[in-house]
>>> print(open('final_9.txt').read())   # compact mmCIF, C-alpha atoms and all ligand atoms
# COMPACT_ATOMS: atom_id res chain seq x y z
CA MET A 13 1.95 23.56 -12.96
CA LYS A 14 4.26 24.56 -10.12
CA PRO A 15 4.63 21.95 -7.38
CA TYR A 16 3.61 22.91 -3.85
CA TYR A 17 6.74 21.09 -2.69
CA GLN A 18 9.64 19.51 -4.57
CA ASP A 19 12.91 17.76 -3.75
CA GLU A 20 15.09 15.16 -5.49
CA SER A 21 12.57 12.38 -5.01
CA ILE A 22 9.17 13.98 -4.35
CA GLU A 23 6.88 16.35 -6.26
CA LEU A 24 3.70 17.37 -4.43
CA TYR A 25 0.89 19.23 -6.20
CA LEU A 26 -2.04 21.02 -4.58
CA GLY A 27 -5.29 20.58 -6.47
CA ASP A 28 -8.00 18.22 -7.62
CA CYS A 29 -6.21 15.17 -9.05
CA ARG A 30 -8.59 15.06 -12.02
CA ASP A 31 -7.38 18.54 -13.05
CA VAL A 32 -3.71 18.06 -12.18
CA LEU A 33 -3.14 14.60 -13.71
CA PRO A 34 -3.20 15.34 -17.48
CA GLY A 35 0.35 15.29 -18.84
CA MET A 36 1.89 13.40 -15.91
CA SER A 37 3.63 10.07 -16.22
CA ALA A 38 4.59 7.41 -13.67
CA ASP A 39 5.46 3.71 -13.37
CA MET A 40 2.67 2.72 -10.98
CA VAL A 41 -0.21 4.17 -9.00
CA LEU A 42 -0.66 3.69 -5.26
CA ALA A 43 -3.95 5.30 -4.30
CA ASP A 44 -5.73 5.74 -1.00
CA PRO A 45 -8.87 7.68 -1.97
CA PRO A 46 -11.73 8.60 0.37
CA TYR A 47 -13.69 5.32 0.39
CA GLY A 48 -17.06 7.08 0.18
CA ASP A 49 -18.74 4.51 2.41
CA THR A 50 -19.57 6.65 5.44
CA SER A 51 -21.62 9.82 5.87
CA LEU A 52 -18.60 11.72 7.17
CA GLU A 53 -18.30 15.17 5.60
CA TRP A 54 -14.91 14.51 3.91
CA ASP A 55 -15.66 10.96 2.76
CA HIS A 56 -16.50 11.48 -0.93
CA TRP A 57 -15.16 9.23 -3.69
CA PRO A 58 -13.63 11.52 -6.37
CA GLU A 59 -15.66 10.35 -9.39
CA GLY A 60 -13.44 9.72 -12.41
CA TRP A 61 -10.06 9.56 -10.68
CA VAL A 62 -9.38 6.00 -11.90
CA GLN A 63 -9.89 7.01 -15.52
CA ALA A 64 -7.75 10.12 -14.92
CA VAL A 65 -4.72 8.18 -13.62
CA GLN A 66 -4.84 5.71 -16.47
CA GLY A 67 -3.40 8.25 -18.91
CA ALA A 68 -0.33 8.69 -16.70
CA LEU A 69 0.68 5.02 -16.87
CA PRO A 70 2.25 2.73 -19.48
CA ASP A 71 0.06 -0.08 -20.87
CA ASP A 72 1.36 -2.81 -18.55
CA ALA A 73 1.38 -0.91 -15.26
CA SER A 74 -0.01 -1.64 -11.80
CA LEU A 75 -2.60 0.29 -9.87
CA TRP A 76 -2.93 -0.50 -6.15
CA CYS A 77 -5.95 0.95 -4.38
CA PHE A 78 -6.74 0.89 -0.67
CA GLY A 79 -10.35 0.52 0.38
CA SER A 80 -12.99 -1.46 2.20
CA MET A 81 -14.71 -4.48 0.63
CA ARG A 82 -17.87 -2.36 0.36
CA MET A 83 -15.97 0.30 -1.57
CA HIS A 84 -14.32 -2.16 -3.94
CA LEU A 85 -17.65 -3.86 -4.71
CA ASP A 86 -19.47 -0.54 -5.18
CA ARG A 87 -16.72 0.79 -7.45
CA ARG A 88 -15.99 -2.32 -9.52
CA SER A 89 -17.17 -0.59 -12.73
CA ASP A 90 -14.68 2.25 -12.23
CA PHE A 91 -11.96 -0.38 -12.72
CA ALA A 92 -13.59 -1.92 -15.81
CA ALA A 93 -10.47 -1.30 -17.91
CA TRP A 94 -8.31 -3.09 -15.34
CA THR A 95 -7.71 -6.75 -14.51
CA TYR A 96 -7.75 -7.95 -10.92
CA GLY A 97 -4.33 -9.17 -9.82
CA GLN A 98 -4.38 -9.90 -6.10
CA GLU A 99 -5.14 -8.34 -2.77
CA LEU A 100 -3.23 -7.49 0.37
CA ILE A 101 -4.91 -7.36 3.76
CA TRP A 102 -3.60 -4.82 6.23
CA GLU A 103 -4.38 -6.09 9.72
CA LYS A 104 -4.26 -3.23 12.22
CA HIS A 105 -3.67 -3.50 15.95
CA ASN A 106 -6.88 -1.58 16.64
CA GLY A 107 -10.30 -1.31 15.03
CA SER A 108 -12.05 1.31 12.94
CA GLY A 109 -15.55 -0.20 12.96
CA PHE A 110 -18.54 2.06 13.32
CA HIS A 111 -21.07 -0.73 13.91
CA ALA A 112 -21.68 -2.50 17.21
CA ASP A 113 -23.79 -5.18 15.49
CA ARG A 114 -20.98 -6.49 13.24
CA PHE A 115 -17.57 -8.06 13.72
CA LYS A 116 -15.01 -5.55 14.86
CA ARG A 117 -13.28 -4.31 11.75
CA VAL A 118 -9.51 -4.34 12.10
CA HIS A 119 -8.37 -4.45 8.50
CA GLU A 120 -8.21 -2.60 5.19
CA ILE A 121 -7.82 -4.13 1.75
CA ALA A 122 -5.43 -3.01 -0.95
CA LEU A 123 -6.42 -4.37 -4.38
CA HIS A 124 -3.86 -4.80 -7.11
CA TRP A 125 -5.15 -4.00 -10.61
CA TYR A 126 -3.13 -4.21 -13.79
CA ARG A 127 -3.50 -3.70 -17.53
CA GLY A 128 -1.87 -5.60 -20.38
CA SER A 129 -0.61 -9.12 -19.80
CA TRP A 130 0.40 -10.31 -16.31
CA GLY A 131 3.75 -11.52 -17.67
CA ASP A 132 4.67 -8.02 -18.83
CA VAL A 133 3.71 -6.26 -15.61
CA TYR A 134 6.70 -5.23 -13.50
CA LYS A 135 6.87 -7.38 -10.34
CA ASP A 136 9.58 -7.93 -7.78
CA PRO A 137 8.28 -10.55 -5.31
CA GLN A 138 9.26 -9.61 -1.76
CA TYR A 139 10.90 -11.98 0.71
CA THR A 140 11.44 -12.00 4.44
CA ASN A 141 14.50 -13.45 6.13
CA ASP A 142 12.74 -14.16 9.36
CA ALA A 143 12.16 -17.88 8.83
CA ARG A 144 14.50 -19.93 10.96
CA ALA A 145 15.50 -23.55 10.61
CA ARG A 146 13.49 -25.32 13.27
CA THR A 147 13.33 -28.66 14.92
CA VAL A 148 10.24 -30.63 13.98
CA ARG A 149 9.06 -33.67 15.96
CA ARG A 150 7.97 -36.69 13.97
CA LYS A 151 4.38 -37.59 14.69
CA THR A 152 4.96 -41.33 14.18
CA ARG A 153 8.05 -43.47 14.09
CA PRO A 154 8.78 -45.07 10.69
CA THR A 155 8.49 -48.86 10.44
CA HIS A 156 11.56 -50.49 12.00
CA THR A 157 14.12 -51.22 9.26
CA GLY A 158 17.12 -51.92 11.40
CA ASN A 159 18.00 -48.25 11.67
CA ILE A 160 16.62 -46.60 14.77
CA GLU A 161 15.98 -43.07 13.55
CA ALA A 162 16.05 -40.02 15.76
CA SER A 163 12.63 -38.92 16.94
CA SER A 164 13.18 -35.41 15.57
CA TYR A 165 14.99 -33.80 12.67
CA THR A 166 15.91 -30.27 11.59
CA SER A 167 13.45 -28.90 9.09
CA GLU A 168 14.80 -27.45 5.88
CA ASP A 169 12.29 -24.60 5.74
CA GLY A 170 14.50 -21.84 7.13
CA GLY A 171 15.60 -18.86 5.04
CA PRO A 172 13.82 -16.39 2.80
CA ARG A 173 10.05 -16.69 2.46
CA LEU A 174 7.61 -14.82 0.25
CA VAL A 175 5.98 -11.97 2.15
CA ARG A 176 2.48 -13.05 3.15
CA SER A 177 -0.68 -11.44 1.79
CA VAL A 178 -1.86 -10.51 5.29
CA LEU A 179 0.42 -7.88 6.80
CA GLN A 180 0.18 -7.02 10.47
CA VAL A 181 1.26 -3.40 10.84
CA ARG A 182 0.37 -1.04 13.70
CA SER A 183 -1.95 1.76 12.62
CA MET A 184 -0.89 5.38 13.10
CA HIS A 185 -3.43 5.77 15.91
CA GLY A 186 -2.19 8.39 18.39
CA LYS A 187 0.61 9.75 16.19
CA ALA A 188 -1.08 10.38 12.84
CA ILE A 189 -0.72 13.66 10.96
CA HIS A 190 -3.76 12.74 8.84
CA PRO A 191 -6.96 11.06 10.11
CA THR A 192 -6.60 8.14 7.66
CA GLU A 193 -2.82 8.05 7.44
CA LYS A 194 -1.28 4.82 6.19
CA PRO A 195 1.81 3.47 7.98
CA LEU A 196 4.98 3.21 5.90
CA GLY A 197 5.21 -0.50 6.75
CA ILE A 198 2.18 -1.27 4.61
CA LEU A 199 3.19 0.97 1.68
CA ASP A 200 6.81 -0.13 1.46
CA PRO A 201 6.30 -3.74 0.25
CA ILE A 202 3.73 -2.62 -2.34
CA ILE A 203 6.09 -0.03 -3.78
CA ARG A 204 9.07 -2.40 -3.83
CA TYR A 205 6.93 -5.06 -5.52
CA SER A 206 5.39 -2.91 -8.26
CA CYS A 207 7.78 -0.03 -8.95
CA PRO A 208 11.30 -0.53 -10.34
CA PRO A 209 14.14 1.09 -8.35
CA GLY A 210 14.39 4.75 -9.37
CA GLY A 211 10.88 4.60 -10.86
CA ILE A 212 7.95 6.89 -10.10
CA VAL A 213 4.99 6.11 -7.85
CA LEU A 214 1.91 8.27 -8.41
CA ASP A 215 -0.49 8.91 -5.52
CA PRO A 216 -3.45 11.07 -6.64
CA THR A 217 -4.99 11.50 -3.15
CA ALA A 218 -1.87 11.84 -1.07
CA GLY A 219 -3.07 13.14 2.30
CA SER A 220 -0.04 13.58 4.54
CA GLY A 221 2.33 12.22 1.89
CA SER A 222 2.97 8.72 3.31
CA THR A 223 3.46 7.34 -0.22
CA GLY A 224 6.14 9.97 -0.84
CA MET A 225 7.98 9.00 2.34
CA ALA A 226 7.83 5.29 1.50
CA ALA A 227 8.94 5.91 -2.10
CA ARG A 228 11.89 8.00 -1.00
CA MET A 229 12.97 5.44 1.59
CA SER A 230 12.94 2.63 -0.98
CA GLY A 231 14.91 4.55 -3.61
CA ARG A 232 11.89 5.37 -5.78
CA ARG A 233 10.43 8.78 -6.64
CA ALA A 234 6.90 10.02 -6.09
CA ILE A 235 4.39 12.35 -7.69
CA LEU A 236 1.73 13.27 -5.16
CA ILE A 237 -1.50 15.21 -5.52
CA GLU A 238 -3.61 16.41 -2.61
CA GLY A 239 -6.74 18.55 -2.74
CA ARG A 240 -6.41 20.25 0.65
CA GLU A 241 -3.80 22.88 1.36
CA ASP A 242 -3.53 22.03 5.08
CA TYR A 243 -2.61 18.43 4.21
CA CYS A 244 -0.14 19.61 1.54
CA GLU A 245 1.49 21.81 4.16
CA ALA A 246 1.64 18.96 6.68
CA ALA A 247 3.18 16.69 4.02
CA ALA A 248 5.73 19.31 2.96
CA GLN A 249 6.82 19.79 6.57
CA ARG A 250 7.06 16.05 7.00
CA PHE A 251 9.34 15.70 3.95
CA THR A 252 11.55 18.59 5.04
CA GLN A 253 11.78 17.34 8.61
CA ALA A 254 12.68 13.83 7.48
CA GLU A 255 15.46 15.19 5.26
CA LEU A 256 16.87 17.30 8.10
CA THR A 257 16.76 14.35 10.48
CA PHE A 258 18.44 12.11 7.94
CA ASP A 259 21.16 14.71 7.20
CA ALA A 260 21.82 15.14 10.91
CA ALA A 261 22.17 11.39 11.34
CA VAL A 262 24.76 10.98 8.56
C1 LIG B 1 -7.64 8.51 2.62
S1 LIG B 1 -6.89 10.07 2.53
C2 LIG B 1 -5.20 9.69 2.10
C3 LIG B 1 -4.32 9.51 3.32
C4 LIG B 1 -2.89 9.22 2.94
N1 LIG B 1 -2.75 7.89 2.37
C5 LIG B 1 -1.95 9.35 4.13
O1 LIG B 1 -1.29 8.36 4.50
O2 LIG B 1 -1.88 10.44 4.71
C6 LIG B 1 -7.54 10.71 1.04
C7 LIG B 1 -7.09 12.11 0.71
O3 LIG B 1 -7.59 12.43 -0.59
C8 LIG B 1 -7.82 13.82 -0.65
N2 LIG B 1 -8.70 14.04 -1.81
C9 LIG B 1 -10.03 13.80 -1.89
N3 LIG B 1 -10.49 14.09 -3.12
C10 LIG B 1 -9.41 14.51 -3.84
C11 LIG B 1 -9.22 14.94 -5.19
N4 LIG B 1 -10.26 14.99 -6.05
N5 LIG B 1 -7.98 15.29 -5.59
C12 LIG B 1 -6.93 15.23 -4.73
N6 LIG B 1 -7.05 14.86 -3.44
C13 LIG B 1 -8.27 14.49 -3.00
C14 LIG B 1 -8.40 14.15 0.72
O4 LIG B 1 -8.23 15.51 1.04
C15 LIG B 1 -7.60 13.21 1.64
O5 LIG B 1 -6.51 13.88 2.22
>>> encode(input="final_9.txt", output="structure tokens")
Amino acid sequence: MKPYYQDESIELYLGDCRDVLPGMSADMVLADPPYGDTSLEWDHWPEGWVQAVQGALPDDASLWCFGSMRMHLDRRSDFAAWTYGQELIWEKHNGSGFHADRFKRVHEIALHWYRGSWGDVYKDPQYTNDARARTVRRKTRPTHTGNIEASSYTSEDGGPRLVRSVLQVRSMHGKAIHPTEKPLGILDPIIRYSCPPGGIVLDPTAGSGSTGMAARMSGRRAILIEGREDYCEAAAQRFTQAELTFDAAV
């Protein structure tokens, strides 16, 4: 099948992922399907997509899937062949709740599923360098031993820290190309964690191609599938524009 768009790192296909997927291969899946938990016209879970992506992956691969808790509970049986690994919470700066009689919803959940044994699954734990050595005040003075100790000391907990499972990233509100566009800041750590450098990330419901952008920026490649031509076009323009901007900056 001819890609709708192609460059050195991204292949984008127009079509229903369940038709396009046979014969493809990738190192991980990063999916952001319609959650199917509202009555909005476009919000329909593509039945069978999880089974369809399975054939594109090796036995010990990762599948990350965005969704709401309602969606993940409703769709648990779709992931019957997969083992739960962990979850990431994306905390947004604004809410997307539709209900005035519930807590204001300001987060999405990305679940990590894997097959095979956890030890064989590719993982590259991510670290931040933002922790700083800090001065910590003792709460109580130690018993007097002849040495009068300083009332504070420098903590040893500066330096790299594991990235936390709750990520605060601004949503694309006000600048989105796609109504449910994911910011690159939430996709980047997932890709770096689960896809080896130079490897291929597969996104079967790609929307405006955010996964492709994040994959390219982290030195990975991407295979993207999107069912709507207007979103494929928006994604293709985004990829081209980003390349032009990058070239101009070099
Ligand atoms: C939640 S959006 C993805 C947004 C994307 N992560 C982004 O950042 O732009 C889901 C997308 O899946 C597409 N879609 C729905 N069913 C599909 C199917 N069976 N095959 C391919 N794409 C599909 C929709 O058109 C929509 O653009």
>>> residues_near_ligand(input="final_9.txt", ligand="ligand LIG 1 (chain B)", cutoff="6 Å", atoms="only C-alpha atoms and all ligand atoms", output="count of residues only")
22
>>> residues_around(input="final_9.txt", residues="Tyr17 in chain A", least_positions_apart="4", cutoff="12 Å", atoms="all atoms listed in the file", output="PyMOL selection string")
chain A and resi 13+21-26+221+224+234-238+241+243-252
>>> atom_distance(input="final_9.txt", atom1="CA of Ala43 in chain A", atom2="CA of Arg173 in chain A")
26.9 Å
>>> residues_around(input="final_9.txt", residues="range 199-209 of chain A", least_positions_apart="3", cutoff="9 Å", atoms="only C-alpha atoms", output="PDB file with C-alpha atoms, keeping the file's coordinate frame")
ATOM      1  CA  ASP A  39       5.460   3.710 -13.370  1.00  0.00           C
ATOM      2  CA  MET A  40       2.670   2.720 -10.980  1.00  0.00           C
ATOM      3  CA  LEU A  42      -0.660   3.690  -5.260  1.00  0.00           C
ATOM      4  CA  ALA A  73       1.380  -0.910 -15.260  1.00  0.00           C
ATOM      5  CA  SER A  74      -0.010  -1.640 -11.800  1.00  0.00           C
ATOM      6  CA  LEU A  75      -2.600   0.290  -9.870  1.00  0.00           C
ATOM      7  CA  TRP A  76      -2.930  -0.500  -6.150  1.00  0.00           C
ATOM      8  CA  LEU A 100      -3.230  -7.490   0.370  1.00  0.00           C
ATOM      9  CA  VAL A 133       3.710  -6.260 -15.610  1.00  0.00           C
ATOM     10  CA  TYR A 134       6.700  -5.230 -13.500  1.00  0.00           C
ATOM     11  CA  LYS A 135       6.870  -7.380 -10.340  1.00  0.00           C
ATOM     12  CA  ASP A 136       9.580  -7.930  -7.780  1.00  0.00           C
ATOM     13  CA  PRO A 137       8.280 -10.550  -5.310  1.00  0.00           C
ATOM     14  CA  GLN A 138       9.260  -9.610  -1.760  1.00  0.00           C
ATOM     15  CA  VAL A 175       5.980 -11.970   2.150  1.00  0.00           C
ATOM     16  CA  LYS A 194      -1.280   4.820   6.190  1.00  0.00           C
ATOM     17  CA  PRO A 195       1.810   3.470   7.980  1.00  0.00           C
ATOM     18  CA  LEU A 196       4.980   3.210   5.900  1.00  0.00           C
ATOM     19  CA  ILE A 212       7.950   6.890 -10.100  1.00  0.00           C
ATOM     20  CA  VAL A 213       4.990   6.110  -7.850  1.00  0.00           C
ATOM     21  CA  SER A 222       2.970   8.720   3.310  1.00  0.00           C
ATOM     22  CA  THR A 223       3.460   7.340  -0.220  1.00  0.00           C
ATOM     23  CA  ALA A 226       7.830   5.290   1.500  1.00  0.00           C
ATOM     24  CA  ALA A 227       8.940   5.910  -2.100  1.00  0.00           C
ATOM     25  CA  MET A 229      12.970   5.440   1.590  1.00  0.00           C
ATOM     26  CA  SER A 230      12.940   2.630  -0.980  1.00  0.00           C
ATOM     27  CA  GLY A 231      14.910   4.550  -3.610  1.00  0.00           C
ATOM     28  CA  ARG A 232      11.890   5.370  -5.780  1.00  0.00           C
ATOM     29  CA  ARG A 233      10.430   8.780  -6.640  1.00  0.00           C
TER      30      ARG A 233
END
>>> closest_residue(input="final_9.txt", among="A:His84, A:Arg127, A:His119, A:Arg30", to="Pro70 in chain A", atoms="all atoms listed in the file")
A:Arg127
>>> atom_distance(input="final_9.txt", atom1="CA of Glu59 in chain A", atom2="CA of Ile189 in chain A")
25.5 Å
>>> residues_near_point(input="final_9.txt", point="(0.9, 16.1, -16.9)", cutoff="12 Å", atoms="all atoms listed in the file", output="compact mmCIF listing (two decimals) with C-alpha atoms, in the coordinates of the input")
# COMPACT_ATOMS: atom_id res chain seq x y z
CA MET A 13 1.95 23.56 -12.96
CA LYS A 14 4.26 24.56 -10.12
CA PRO A 15 4.63 21.95 -7.38
CA TYR A 25 0.89 19.23 -6.20
CA CYS A 29 -6.21 15.17 -9.05
CA ARG A 30 -8.59 15.06 -12.02
CA ASP A 31 -7.38 18.54 -13.05
CA VAL A 32 -3.71 18.06 -12.18
CA LEU A 33 -3.14 14.60 -13.71
CA PRO A 34 -3.20 15.34 -17.48
CA GLY A 35 0.35 15.29 -18.84
CA MET A 36 1.89 13.40 -15.91
CA SER A 37 3.63 10.07 -16.22
CA ALA A 38 4.59 7.41 -13.67
CA ALA A 64 -7.75 10.12 -14.92
CA VAL A 65 -4.72 8.18 -13.62
CA GLN A 66 -4.84 5.71 -16.47
CA GLY A 67 -3.40 8.25 -18.91
CA ALA A 68 -0.33 8.69 -16.70
CA LEU A 69 0.68 5.02 -16.87
CA LEU A 214 1.91 8.27 -8.41
CA ILE A 235 4.39 12.35 -7.69
CA ILE A 237 -1.50 15.21 -5.52
>>> residues_near_point(input="final_9.txt", point="(12.3, -12.6, 0.7)", cutoff="6 Å", atoms="all atoms listed in the file", output="PyMOL selection string")
chain A and resi 138-141+172-174
>>> atom_distance(input="final_9.txt", atom1="CA of Arg114 in chain A", atom2="CA of Gly79 in chain A")
18.1 Å
>>> axis_aligned_box(input="final_9.txt", around="range 203-217 of chain A", padding_each_side="5 Å", output="JSON")
{"center_x": 4.7, "center_y": 3.2, "center_z": -7.0, "size_x": 29.4, "size_y": 26.6, "size_z": 17.7}
>>> closest_residue(input="final_9.txt", among="A:His105, A:His56, A:Lys116, A:Arg88", to="Gln180 in chain A", atoms="all atoms listed in the file")
A:His105
>>> closest_residue(input="final_9.txt", among="A:Asp86, A:Asp142, A:Glu103, A:Asp72", to="Gly128 in chain A", atoms="all atoms listed in the file")
A:Asp72
>>> residues_around(input="final_9.txt", residues="Met83 in chain A", least_positions_apart="6", cutoff="12 Å", atoms="all atoms listed in the file", output="ChimeraX atom specification")
/A:44-50,55-57,77,89-91,120-123
>>> closest_residue(input="final_9.txt", among="A:Phe115, A:Trp102, A:Trp130, A:Phe78", to="Leu179 in chain A", atoms="only C-alpha atoms")
A:Trp102
>>> decode(input="final_9.txt", residues="range 25-46 of chain A", atoms="N, CA, C and O atoms", output="compact mmCIF listing (two decimals), in the first residue's frame")
# COMPACT_ATOMS: atom_id res chain seq x y z
N TYR A 25 -0.20 6.25 6.65
CA TYR A 25 -1.15 5.58 5.76
C TYR A 25 -2.56 6.09 6.04
O TYR A 25 -2.95 6.25 7.20
N LEU A 26 -3.33 6.30 4.98
CA LEU A 26 -4.73 6.67 5.09
C LEU A 26 -5.57 5.40 4.98
O LEU A 26 -5.46 4.67 4.00
N GLY A 27 -6.40 5.15 5.98
CA GLY A 27 -7.27 3.98 5.90
C GLY A 27 -7.68 3.51 7.28
O GLY A 27 -7.23 4.05 8.29
N ASP A 28 -8.52 2.49 7.28
CA ASP A 28 -8.93 1.86 8.55
C ASP A 28 -7.77 0.99 9.02
O ASP A 28 -7.29 0.12 8.28
N CYS A 29 -7.30 1.21 10.24
CA CYS A 29 -6.11 0.50 10.71
C CYS A 29 -6.28 -1.02 10.62
O CYS A 29 -5.32 -1.75 10.37
N ARG A 30 -7.51 -1.50 10.79
CA ARG A 30 -7.71 -2.96 10.77
C ARG A 30 -7.47 -3.53 9.38
O ARG A 30 -7.14 -4.70 9.23
N ASP A 31 -7.63 -2.70 8.34
CA ASP A 31 -7.34 -3.14 6.97
C ASP A 31 -5.88 -2.93 6.61
O ASP A 31 -5.29 -3.70 5.84
N VAL A 32 -5.30 -1.85 7.15
CA VAL A 32 -3.94 -1.46 6.74
C VAL A 32 -2.86 -2.26 7.48
O VAL A 32 -1.78 -2.52 6.94
N LEU A 33 -3.16 -2.70 8.70
CA LEU A 33 -2.12 -3.29 9.56
C LEU A 33 -1.50 -4.61 9.08
O LEU A 33 -0.29 -4.81 9.28
N PRO A 34 -2.26 -5.52 8.45
CA PRO A 34 -1.64 -6.80 8.10
C PRO A 34 -0.35 -6.62 7.28
O PRO A 34 -0.31 -5.85 6.33
N GLY A 35 0.70 -7.30 7.73
CA GLY A 35 1.99 -7.23 7.02
C GLY A 35 2.94 -6.18 7.58
O GLY A 35 4.10 -6.12 7.19
N MET A 36 2.48 -5.35 8.51
CA MET A 36 3.37 -4.31 9.05
C MET A 36 4.14 -4.86 10.24
O MET A 36 3.68 -5.77 10.92
N SER A 37 5.29 -4.26 10.53
CA SER A 37 6.00 -4.66 11.74
C SER A 37 6.63 -3.45 12.42
O SER A 37 7.06 -2.50 11.76
N ALA A 38 6.66 -3.50 13.75
CA ALA A 38 7.13 -2.37 14.55
C ALA A 38 7.70 -2.90 15.86
O ALA A 38 7.58 -4.09 16.16
N ASP A 39 8.33 -2.00 16.64
CA ASP A 39 8.92 -2.40 17.92
C ASP A 39 7.99 -2.17 19.10
O ASP A 39 8.14 -2.77 20.16
N MET A 40 7.07 -1.22 18.95
CA MET A 40 6.10 -0.96 20.02
C MET A 40 4.87 -0.30 19.40
O MET A 40 4.93 0.21 18.28
N VAL A 41 3.79 -0.29 20.15
CA VAL A 41 2.58 0.44 19.74
C VAL A 41 2.32 1.54 20.75
O VAL A 41 2.42 1.32 21.96
N LEU A 42 2.02 2.71 20.24
CA LEU A 42 1.55 3.83 21.07
C LEU A 42 0.23 4.29 20.46
O LEU A 42 0.22 4.88 19.37
N ALA A 43 -0.87 3.96 21.12
CA ALA A 43 -2.19 4.17 20.52
C ALA A 43 -3.00 5.18 21.32
O ALA A 43 -2.95 5.20 22.56
N ASP A 44 -3.74 5.98 20.59
CA ASP A 44 -4.65 6.95 21.21
C ASP A 44 -5.98 6.85 20.45
O ASP A 44 -6.31 7.73 19.66
N PRO A 45 -6.72 5.76 20.69
CA PRO A 45 -7.94 5.52 19.92
C PRO A 45 -9.08 6.41 20.42
O PRO A 45 -8.98 6.97 21.52
N PRO A 46 -10.16 6.56 19.64
CA PRO A 46 -11.36 7.19 20.21
C PRO A 46 -11.78 6.34 21.41
O PRO A 46 -11.85 5.12 21.32
